[in-house]
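Heads up, query_13.pdb below (PDB, C-alpha atoms and all ligand atoms):
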ATOM      1  CA  MET A  18       2.262  -6.026   9.915
ATOM      2  CA  LEU A  19       4.067  -8.773   8.085
ATOM      3  CA  GLY A  20       7.686  -9.783   7.937
ATOM      4  CA  ALA A  21       8.292  -8.513  11.445
ATOM      5  CA  HIS A  22      11.577 -10.352  11.538
ATOM      6  CA  SER A  23      12.485 -10.553   7.864
ATOM      7  CA  ALA A  24      16.222 -10.355   7.405
ATOM      8  CA  THR A  25      15.863  -8.616   4.058
ATOM      9  CA  PRO A  26      16.619  -4.878   4.101
ATOM     10  CA  LEU A  27      13.599  -2.622   4.526
ATOM     11  CA  ARG A  28      11.980  -1.421   1.303
ATOM     12  CA  GLY A  29      10.965   2.099   2.148
ATOM     13  CA  ASP A  30      12.812   5.396   1.947
ATOM     14  CA  TYR A  31      13.567   6.272   5.567
ATOM     15  CA  SER A  32      15.817   9.203   4.696
ATOM     16  CA  ARG A  33      13.047  11.786   5.146
ATOM     17  CA  ALA A  34      11.352  10.139   8.135
ATOM     18  CA  GLY A  35      10.974  12.230  11.292
ATOM     19  CA  PRO A  36      11.957  11.098  14.797
ATOM     20  CA  ASP A  37       8.526   9.462  15.047
ATOM     21  CA  TYR A  38       9.194   7.769  11.685
ATOM     22  CA  THR A  39       6.412   9.645   9.900
ATOM     23  CA  VAL A  40       6.842  10.948   6.325
ATOM     24  CA  ASP A  41       4.809  12.961   3.825
ATOM     25  CA  GLN A  42       2.796  10.727   1.527
ATOM     26  CA  ASP A  43       3.774  12.741  -1.606
ATOM     27  CA  LEU A  44       1.141  11.572  -4.084
ATOM     28  CA  ALA A  45       3.520  12.372  -6.956
ATOM     29  CA  GLN A  46       5.690   9.407  -5.921
ATOM     30  CA  TYR A  47       3.266   6.863  -7.410
ATOM     31  CA  SER A  48       4.017   5.545 -10.874
ATOM     32  CA  ALA A  49       1.458   4.449 -13.462
ATOM     33  CA  THR A  50       2.328   0.888 -12.458
ATOM     34  CA  ASP A  51       1.581   1.673  -8.794
ATOM     35  CA  HIS A  52      -1.847   2.996  -9.758
ATOM     36  CA  ALA A  53      -2.551  -0.049 -11.933
ATOM     37  CA  VAL A  54      -1.442  -2.492  -9.208
ATOM     38  CA  TRP A  55      -3.539  -0.654  -6.622
ATOM     39  CA  GLN A  56      -6.703  -0.739  -8.720
ATOM     40  CA  GLN A  57      -6.213  -4.415  -9.559
ATOM     41  CA  LEU A  58      -5.740  -5.265  -5.855
ATOM     42  CA  VAL A  59      -8.808  -3.293  -4.777
ATOM     43  CA  THR A  60     -11.026  -4.777  -7.498
ATOM     44  CA  ARG A  61      -9.948  -8.326  -6.740
ATOM     45  CA  GLN A  62      -9.998  -8.149  -2.948
ATOM     46  CA  THR A  63     -13.304  -6.267  -2.735
ATOM     47  CA  LYS A  64     -15.044  -9.276  -4.295
ATOM     48  CA  ILE A  65     -13.442 -11.737  -1.873
ATOM     49  CA  ILE A  66     -14.086  -9.826   1.353
ATOM     50  CA  LYS A  67     -17.811  -9.506   0.638
ATOM     51  CA  ARG A  68     -18.252 -13.174   1.438
ATOM     52  CA  HIS A  69     -15.703 -13.650   4.210
ATOM     53  CA  ALA A  70     -15.146 -10.390   6.094
ATOM     54  CA  CYS A  71     -17.011  -9.672   9.333
ATOM     55  CA  THR A  72     -19.797  -7.087   9.382
ATOM     56  CA  GLU A  73     -17.674  -4.553  11.235
ATOM     57  CA  PHE A  74     -15.030  -4.676   8.501
ATOM     58  CA  LEU A  75     -17.596  -4.382   5.699
ATOM     59  CA  GLN A  76     -19.306  -1.553   7.574
ATOM     60  CA  GLY A  77     -15.944   0.228   7.776
ATOM     61  CA  VAL A  78     -15.350  -0.252   4.060
ATOM     62  CA  ALA A  79     -18.814   1.092   3.265
ATOM     63  CA  THR A  80     -18.394   4.099   5.563
ATOM     64  CA  MET A  81     -15.010   5.023   4.108
ATOM     65  CA  GLN A  82     -16.202   4.910   0.498
ATOM     66  CA  ALA A  83     -12.537   4.617  -0.417
ATOM     67  CA  PRO A  84     -11.724   5.408  -4.047
ATOM     68  CA  GLN A  85     -10.640   2.805  -6.553
ATOM     69  CA  ASP A  86      -7.403   4.735  -6.804
ATOM     70  CA  ILE A  87      -4.553   5.281  -4.347
ATOM     71  CA  PRO A  88      -6.038   7.093  -1.320
ATOM     72  CA  ARG A  89      -4.902  10.367   0.224
ATOM     73  CA  LEU A  90      -4.060   9.397   3.800
ATOM     74  CA  ASP A  91      -4.540  12.894   5.244
ATOM     75  CA  GLN A  92      -8.157  13.042   4.014
ATOM     76  CA  PHE A  93      -9.008   9.652   5.486
ATOM     77  CA  SER A  94      -7.205  10.514   8.694
ATOM     78  CA  ASP A  95      -9.517  13.473   9.290
ATOM     79  CA  PHE A  96     -12.536  11.327   8.377
ATOM     80  CA  ILE A  97     -11.631   8.534  10.810
ATOM     81  CA  PHE A  98     -10.619  10.936  13.571
ATOM     82  CA  GLN A  99     -14.152  12.313  13.715
ATOM     83  CA  ARG A 100     -15.534   8.810  14.305
ATOM     84  CA  THR A 101     -13.206   6.907  16.603
ATOM     85  CA  GLY A 102     -10.424   9.375  17.374
ATOM     86  CA  TRP A 103      -7.907   7.448  15.254
ATOM     87  CA  ARG A 104      -5.612   9.154  12.777
ATOM     88  CA  LEU A 105      -3.467   7.722  10.012
ATOM     89  CA  VAL A 106       0.235   8.565   9.872
ATOM     90  CA  ALA A 107       2.292   7.883   6.744
ATOM     91  CA  VAL A 108       5.447   5.863   7.345
ATOM     92  CA  PRO A 109       8.153   4.518   4.991
ATOM     93  CA  GLY A 110       7.376   0.931   6.056
ATOM     94  CA  PHE A 111       8.269  -1.115   9.092
ATOM     95  CA  ILE A 112       9.156   1.044  12.108
ATOM     96  CA  PRO A 113      10.747   0.116  15.456
ATOM     97  CA  ASP A 114       8.420  -1.421  18.061
ATOM     98  CA  ALA A 115       8.757   1.499  20.496
ATOM     99  CA  SER A 116       7.666   3.963  17.822
ATOM    100  CA  PHE A 117       4.908   1.679  16.573
ATOM    101  CA  PHE A 118       3.439   1.245  20.052
ATOM    102  CA  SER A 119       3.663   4.949  20.869
ATOM    103  CA  HIS A 120       1.654   5.684  17.713
ATOM    104  CA  LEU A 121      -0.997   3.055  18.517
ATOM    105  CA  ALA A 122      -1.297   4.232  22.130
ATOM    106  CA  ALA A 123      -1.966   7.751  20.798
ATOM    107  CA  ARG A 124      -4.542   6.389  18.296
ATOM    108  CA  ARG A 125      -2.286   6.969  15.311
ATOM    109  CA  PHE A 126      -2.158   4.076  12.851
ATOM    110  CA  PRO A 127       1.088   3.857  10.805
ATOM    111  CA  VAL A 128       0.373   3.287   7.107
ATOM    112  CA  SER A 129       3.203   2.403   4.715
ATOM    113  CA  VAL A 130       3.219   4.731   1.704
ATOM    114  CA  TRP A 131       4.733   2.484  -0.986
ATOM    115  CA  VAL A 132       2.814   0.125  -3.283
ATOM    116  CA  ARG A 133       3.968  -3.439  -3.976
ATOM    117  CA  ARG A 134       5.324  -4.457  -7.405
ATOM    118  CA  PRO A 135       3.131  -6.397  -9.864
ATOM    119  CA  GLU A 136       5.046  -9.611  -9.172
ATOM    120  CA  GLU A 137       4.158  -9.245  -5.463
ATOM    121  CA  MET A 138       0.388  -9.223  -6.014
ATOM    122  CA  ASP A 139      -0.102 -12.457  -4.098
ATOM    123  CA  TYR A 140       2.669 -12.372  -1.560
ATOM    124  CA  LEU A 141       4.515  -9.653   0.239
ATOM    125  CA  VAL A 142       6.967  -9.744   3.123
ATOM    126  CA  GLU A 143       6.574  -6.197   4.458
ATOM    127  CA  PRO A 144       3.319  -4.232   4.861
ATOM    128  CA  ASP A 145       2.675  -1.941   1.880
ATOM    129  CA  LEU A 146      -0.035   0.696   1.427
ATOM    130  CA  PHE A 147      -2.561  -1.922   0.344
ATOM    131  CA  HIS A 148      -1.978  -4.198   3.331
ATOM    132  CA  ASP A 149      -2.223  -1.311   5.774
ATOM    133  CA  PHE A 150      -4.946   0.802   4.193
ATOM    134  CA  PHE A 151      -7.195  -1.876   2.721
ATOM    135  CA  GLY A 152      -6.493  -4.479   5.429
ATOM    136  CA  HIS A 153      -6.235  -2.507   8.653
ATOM    137  CA  VAL A 154      -7.994   0.842   8.281
ATOM    138  CA  PRO A 155     -11.653  -0.315   7.942
ATOM    139  CA  MET A 156     -11.540  -1.848  11.423
ATOM    140  CA  LEU A 157     -10.424   1.488  12.919
ATOM    141  CA  LEU A 158     -13.986   2.672  12.289
ATOM    142  CA  ASP A 159     -15.413   0.084  14.672
ATOM    143  CA  PRO A 160     -15.554   1.705  18.136
ATOM    144  CA  VAL A 161     -14.842  -1.472  20.114
ATOM    145  CA  PHE A 162     -11.959  -2.618  17.938
ATOM    146  CA  ALA A 163     -10.612   0.953  17.884
ATOM    147  CA  ASP A 164     -10.590   0.961  21.700
ATOM    148  CA  TYR A 165      -8.911  -2.446  21.762
ATOM    149  CA  LEU A 166      -6.093  -1.334  19.471
ATOM    150  CA  ALA A 167      -5.446   1.789  21.556
ATOM    151  CA  ALA A 168      -5.436  -0.275  24.783
ATOM    152  CA  TYR A 169      -3.099  -2.741  23.053
ATOM    153  CA  GLY A 170      -0.761   0.102  22.087
ATOM    154  CA  ALA A 171      -0.673   1.297  25.703
ATOM    155  CA  LYS A 172       0.433  -2.191  26.775
ATOM    156  CA  GLY A 173       3.303  -1.850  24.326
ATOM    157  CA  LEU A 174       4.478   1.388  25.902
ATOM    158  CA  THR A 175       5.081  -0.325  29.230
ATOM    159  CA  ALA A 176       6.516  -3.478  27.663
ATOM    160  CA  ALA A 177       9.677  -1.531  26.698
ATOM    161  CA  ASP A 178      12.166  -4.242  25.696
ATOM    162  CA  GLY A 179      11.165  -6.838  28.275
ATOM    163  CA  PRO A 180       9.486 -10.217  27.687
ATOM    164  CA  GLY A 181       6.248  -8.385  26.846
ATOM    165  CA  LEU A 182       7.312  -7.455  23.323
ATOM    166  CA  GLY A 183       7.289 -11.024  22.077
ATOM    167  CA  ARG A 184       3.992 -11.775  23.817
ATOM    168  CA  LEU A 185       2.402  -8.624  22.392
ATOM    169  CA  GLY A 186       3.776  -9.460  18.946
ATOM    170  CA  ARG A 187       1.947 -12.786  19.100
ATOM    171  CA  LEU A 188      -1.259 -11.135  20.308
ATOM    172  CA  TYR A 189      -1.084  -8.654  17.410
ATOM    173  CA  TRP A 190      -0.372 -11.423  14.940
ATOM    174  CA  TYR A 191      -3.242 -13.693  15.999
ATOM    175  CA  THR A 192      -5.822 -10.914  16.334
ATOM    176  CA  VAL A 193      -5.123  -7.717  14.362
ATOM    177  CA  GLU A 194      -3.376  -9.611  11.531
ATOM    178  CA  PHE A 195      -5.034 -13.040  11.417
ATOM    179  CA  GLY A 196      -8.055 -12.937  13.720
ATOM    180  CA  LEU A 197     -11.344 -14.746  13.056
ATOM    181  CA  ILE A 198     -14.717 -14.070  14.664
ATOM    182  CA  ASP A 199     -17.800 -16.277  15.077
ATOM    183  CA  THR A 200     -21.050 -14.653  13.920
ATOM    184  CA  ASP A 201     -24.680 -15.623  13.303
ATOM    185  CA  ALA A 202     -23.702 -15.856   9.640
ATOM    186  CA  GLY A 203     -20.859 -18.255  10.442
ATOM    187  CA  LEU A 204     -17.107 -17.810  10.692
ATOM    188  CA  LYS A 205     -15.801 -14.450   9.454
ATOM    189  CA  ALA A 206     -12.384 -12.768   9.166
ATOM    190  CA  TYR A 207     -11.287  -9.469  10.709
ATOM    191  CA  GLY A 208      -7.480  -9.812  10.470
ATOM    192  CA  ALA A 209      -5.728  -7.484   8.021
ATOM    193  CA  GLY A 210      -3.159 -10.095   7.028
ATOM    194  CA  MET A 211      -5.896 -12.279   5.584
ATOM    195  CA  LEU A 212      -8.332  -9.575   4.394
ATOM    196  CA  SER A 213      -5.579  -8.004   2.272
ATOM    197  CA  SER A 214      -4.613 -11.415   0.864
ATOM    198  CA  LYS A 215      -6.653 -13.167  -1.817
ATOM    199  CA  ALA A 216      -5.656 -16.697  -0.894
ATOM    200  CA  GLU A 217      -5.501 -16.501   2.877
ATOM    201  CA  THR A 218      -8.975 -14.986   3.273
ATOM    202  CA  VAL A 219     -10.508 -18.037   1.605
ATOM    203  CA  TYR A 220      -8.122 -20.492   3.269
ATOM    204  CA  SER A 221      -8.673 -19.157   6.812
ATOM    205  CA  ILE A 222     -12.442 -19.527   6.533
ATOM    206  CA  THR A 223     -12.949 -22.575   4.342
ATOM    207  CA  SER A 224      -9.902 -24.856   4.585
ATOM    208  CA  PRO A 225     -10.226 -27.930   6.845
ATOM    209  CA  LYS A 226      -6.443 -27.923   7.334
ATOM    210  CA  PRO A 227      -5.744 -25.259   9.966
ATOM    211  CA  HIS A 228      -6.746 -25.587  13.607
ATOM    212  CA  ARG A 229      -9.341 -23.097  14.800
ATOM    213  CA  VAL A 230      -9.262 -22.483  18.554
ATOM    214  CA  TRP A 231     -11.486 -20.181  20.609
ATOM    215  CA  PHE A 232      -9.539 -17.074  21.604
ATOM    216  CA  ASP A 233      -7.680 -17.293  24.924
ATOM    217  CA  LEU A 234      -5.151 -14.581  25.820
ATOM    218  CA  ARG A 235      -2.655 -16.874  27.561
ATOM    219  CA  ARG A 236      -2.844 -19.428  24.768
ATOM    220  CA  VAL A 237      -2.232 -16.765  22.121
ATOM    221  CA  MET A 238       0.713 -15.299  24.027
ATOM    222  CA  ARG A 239       2.315 -18.752  24.131
ATOM    223  CA  SER A 240       1.749 -19.426  20.442
ATOM    224  CA  GLU A 241       4.593 -19.025  17.987
ATOM    225  CA  TYR A 242       3.845 -17.968  14.413
ATOM    226  CA  ARG A 243       5.406 -18.157  10.972
ATOM    227  CA  ILE A 244       5.522 -15.060   8.744
ATOM    228  CA  ASP A 245       6.112 -16.875   5.465
ATOM    229  CA  ASP A 246       3.155 -19.229   5.121
ATOM    230  CA  PHE A 247      -0.557 -19.525   5.877
ATOM    231  CA  GLN A 248      -1.356 -19.865   9.557
ATOM    232  CA  LYS A 249      -1.568 -23.391  10.949
ATOM    233  CA  THR A 250      -3.794 -22.193  13.788
ATOM    234  CA  TYR A 251      -6.344 -19.373  13.887
ATOM    235  CA  PHE A 252      -7.987 -17.984  17.011
ATOM    236  CA  VAL A 253     -11.713 -17.244  17.001
ATOM    237  CA  LEU A 254     -13.438 -14.479  18.964
ATOM    238  CA  PRO A 255     -17.079 -14.708  20.094
ATOM    239  CA  ASP A 256     -17.190 -10.886  19.792
ATOM    240  CA  PHE A 257     -14.869  -7.853  19.887
ATOM    241  CA  ALA A 258     -15.888  -6.984  23.453
ATOM    242  CA  THR A 259     -14.042 -10.145  24.542
ATOM    243  CA  LEU A 260     -10.855  -8.862  22.920
ATOM    244  CA  PHE A 261     -11.164  -5.426  24.520
ATOM    245  CA  ALA A 262     -11.924  -6.955  27.939
ATOM    246  CA  ALA A 263      -8.775  -9.101  27.671
ATOM    247  CA  MET A 264      -6.688  -5.902  27.930
ATOM    248  CA  ASP A 265      -8.071  -5.164  31.386
ATOM    249  CA  ARG A 266      -5.521  -7.079  33.450
ATOM    250  CA  ASP A 267      -1.958  -6.785  34.746
ATOM    251  CA  PHE A 268       0.160  -7.846  31.766
ATOM    252  CA  ASP A 269       3.434  -7.796  33.728
ATOM    253  CA  ALA A 270       2.037 -10.420  36.117
ATOM    254  CA  LEU A 271       0.793 -12.337  33.070
ATOM    255  CA  TYR A 272       4.243 -12.245  31.383
ATOM    256  CA  ALA A 273       5.868 -13.511  34.594
ATOM    257  CA  ASP A 274       3.293 -16.264  34.896
ATOM    258  CA  LEU A 275       3.764 -17.343  31.270
ATOM    259  CA  GLU A 276       7.510 -17.761  31.800
ATOM    260  CA  GLN A 277       6.665 -21.084  33.481
ATOM    261  CA  GLU A 278       4.752 -22.360  30.454
ATOM    262  CA  PRO A 279       6.399 -23.628  27.243
ATOM    263  CA  ASP A 280       5.807 -21.938  23.898
ATOM    264  CA  ILE A 281       3.447 -23.696  21.510
ATOM    265  CA  ASP A 282       4.435 -24.595  17.957
ATOM    266  CA  PRO A 283       2.169 -22.942  15.328
ATOM    267  CA  GLY A 284       0.513 -26.207  14.262
ATOM    268  CA  THR A 285       0.163 -27.858  17.670
ATOM    269  CA  LEU A 286      -2.907 -28.207  19.883
ATOM    270  CA  VAL A 287      -2.506 -28.399  23.655
ATOM    271  CA  PRO A 288      -4.754 -29.723  26.449
ATOM    272  CA  GLY A 289      -7.301 -27.060  27.317
ATOM    273  CA  ASP A 290      -7.718 -25.830  23.736
ATOM    274  CA  ARG A 291     -11.406 -25.256  23.040
ATOM    275  CA  LEU A 292     -11.803 -26.101  19.373
ATOM    276  CA  TYR A 293     -14.103 -23.965  17.247
ATOM    277  CA  ALA A 294     -16.774 -26.024  15.494
ATOM    278  CA  ALA A 295     -18.796 -24.139  12.913
ATOM    279  CA  ARG A 296     -22.328 -23.749  14.274
ATOM    280  CA  HIS A 297     -23.521 -23.725  10.703
ATOM    281  CA  HIS A 298     -21.659 -23.700   7.438
ATOM    282  CA  ALA A 299     -21.611 -20.303   5.782
TER     283      ALA A 299
HETATM  284  N1  LIG B 301       5.742  -1.109  11.797
HETATM  285  N2  LIG B 301       4.859   0.083   9.995
HETATM  286  C1  LIG B 301       4.761  -0.929  10.886
HETATM  287  N3  LIG B 301       3.692  -1.741  10.842
HETATM  288  C2  LIG B 301       3.554  -2.764  11.706
HETATM  289  O1  LIG B 301       2.548  -3.490  11.661
HETATM  290  C3  LIG B 301       4.556  -2.984  12.677
HETATM  291  C4  LIG B 301       5.652  -2.119  12.700
HETATM  292  N4  LIG B 301       6.621  -2.307  13.617
HETATM  293  C5  LIG B 301       6.574  -3.335  14.627
HETATM  294  C6  LIG B 301       5.414  -4.252  14.460
HETATM  295  N5  LIG B 301       4.451  -4.015  13.562
HETATM  296  C7  LIG B 301       5.296  -5.510  15.275
HETATM  297  O2  LIG B 301       6.496  -5.774  15.949
HETATM  298  C8  LIG B 301       4.146  -5.444  16.264
HETATM  299  O3  LIG B 301       3.951  -6.722  16.809
HETATM  300  C9  LIG B 301       4.427  -4.491  17.350
HETATM  301 FE    FE B 302      -0.398  -5.401   9.367
END
Can you dump the structure from the file as structure tokens?
Amino acid sequence: MLGAHSATPLRGDYSRAGPDYTVDQDLAQYSATDHAVWQQLVTRQTKIIKRHACTEFLQGVATMQAPQDIPRLDQFSDFIFQRTGWRLVAVPGFIPDASFFSHLAARRFPVSVWVRRPEEMDYLVEPDLFHDFFGHVPMLLDPVFADYLAAYGAKGLTAADGPGLGRLGRLYWYTVEFGLIDTDAGLKAYGAGMLSSKAETVYSITSPKPHRVWFDLRRVMRSEYRIDDFQKTYFVLPDFATLFAAMDRDFDALYADLEQEPDIDPGTLVPGDRLYAARHHA
């Protein structure tokens, strides 16, 4: 998800969305330009992820054998359901938190149906089909990550409109969207926000500019983020089991506890941060 708080009006056509915000994908809606943009994005990004995406992501891509052309979400939904119990639901674009969390908790991943315009190839405010399908869906085939995302969704159900929403938004941002993971082959990306973006995939792994801090749930929940620029801080997992295990605690007690601690600016380090130092350079 990108542009969670963009003030610009939403792009999609919500007129035919159901109460759960799902729509039909209607393959006839795509123009020749949409098809051309899609194929250009897939060709370009496929090259970049080979070097920088984690094994689990690449394994997901290989298993899906997604076409070069715009995918049929219903076909992939059935395919993924057989493996990790996740389904894909077509949505017009951004949907309200409550609806988003209820889908995730039920192992339904919302995928925007529209394709970005040619002039948006490198930057997009809202999630489009490429961000969601190319960036998020491969990880749904990894059993541990799939369990994490469902457990995360369940946390959202109980957060209602309390302090939890903001904390969960940060957790989503710094893991599902912009998460990094340490591997024997060096630092790799698993976040959809970077893996669907040409520039940020390379930047998040190779640039000396951003901070890279070992993942810590409390630290992430205190960390603000910007939606309109590269991240100033990335959080690094030792493995996905760590992320799943982090869900196994009382989040309401955690939210209450965090009220006493100040938020952290995106580019700031705080005492207690364990900095990630590359064990070897990929
Ligand atoms: N809706 N379609 C869509 N995709 C998202 O990623 C998304 C959303 N609504 C809310 C949202 N993400 C964020 O607020 C999450 O942090 C919950
Ligand atoms: Fe996203």
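Put simply, atom CA of Gln82 of chain A is 17.9 Å away from atom CA of Ala209 of chain A.
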Atomic separation - atom CA of Leu121 of chain A relative to atom CA of Tyr38 of chain A, Å: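 Pair atom CA of Tyr38 of chain A / atom CA of Leu121 of chain A returns 13.1 Å.
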Contacts of chain A with ligand LIG 301 (chain B) up to 7 Å, shortest pair per row, all atoms listed in the file, as a Markdown table:
| residue | atom | partner | partner_atom | distance |
| --- | --- | --- | --- | --- |
| A:Met18 | CA | B:LIG301 | O1 | 3.1 |
| A:Leu19 | CA | B:LIG301 | O1 | 6.6 |
| A:Ala21 | CA | B:LIG301 | O2 | 5.6 |
| A:Val108 | CA | B:LIG301 | N2 | 6.4 |
| A:Gly110 | CA | B:LIG301 | N2 | 4.8 |
| A:Phe111 | CA | B:LIG301 | N1 | 3.7 |
| A:Ile112 | CA | B:LIG301 | N1 | 4.0 |
| A:Pro113 | CA | B:LIG301 | N4 | 5.1 |
| A:Asp114 | CA | B:LIG301 | C5 | 4.3 |
| A:Phe117 | CA | B:LIG301 | N4 | 5.2 |
| A:Phe118 | CA | B:LIG301 | C9 | 6.4 |
| A:Pro127 | CA | B:LIG301 | N2 | 5.4 |
| A:Val128 | CA | B:LIG301 | N2 | 6.2 |
| A:Ser129 | CA | B:LIG301 | N2 | 6.0 |
| A:Pro144 | CA | B:LIG301 | N3 | 6.5 |
| A:Leu185 | CA | B:LIG301 | O3 | 6.1 |
| A:Gly186 | CA | B:LIG301 | O3 | 3.5 |
| A:Arg187 | CA | B:LIG301 | O3 | 6.8 |
| A:Tyr189 | CA | B:LIG301 | O3 | 5.4 |
| A:Trp190 | CA | B:LIG301 | O3 | 6.7 |
Hits from the PyMOL selection byres (((chain A and resi 154) around 9) and not hetatm), listed as a PyMOL selection string: chain A and resi 74+77-78+97+105+126+128+149-153+155-158+209
Neighbours of point (-11.1, 5.6, 16.4) within 12 Å, using all atoms listed in the file, written as a ChimeraX atom specification: /A:77,93-105,121-126,154-168
Chain and number of each residue from the PyMOL selection byres (((chain A and resi 178-183) around 12) and not hetatm), as a VMD selection string: chain A and resid 21 to 22 113 to 115 117 to 118 169 to 177 184 to 190 237 to 242 267 to 276 280
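Shortest atom-to-atom contact with Glu136 of chain A among A:Thr192, A:Ser221, A:Thr50, A:Gln42: A:Thr50, counting only C-alpha atoms.
Counting all atoms listed in the file and comparing A:Asp201, A:Asp233, A:Asp145, A:Asp290, the residue that lies closest to ligand FE 302 (chain B) is A:Asp145.
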Interatomic distance (Å, one decimal) between atom CA of Tyr220 of chain A and atom CA of Pro135 of chain A: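 Computed distance, atom CA of Tyr220 of chain A to atom CA of Pro135 of chain A, equals 22.3 Å.
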Enclose segment 229-235 of chain A, meaning all of its atoms listed in the file, in a box aligned along x, y and z, pad it by 4 Å on each side, and list the centre and edge lengths in Å to one decimal, as JSON.
{"center_x": -7.1, "center_y": -18.8, "center_z": 21.2, "size_x": 16.8, "size_y": 16.5, "size_z": 20.8}
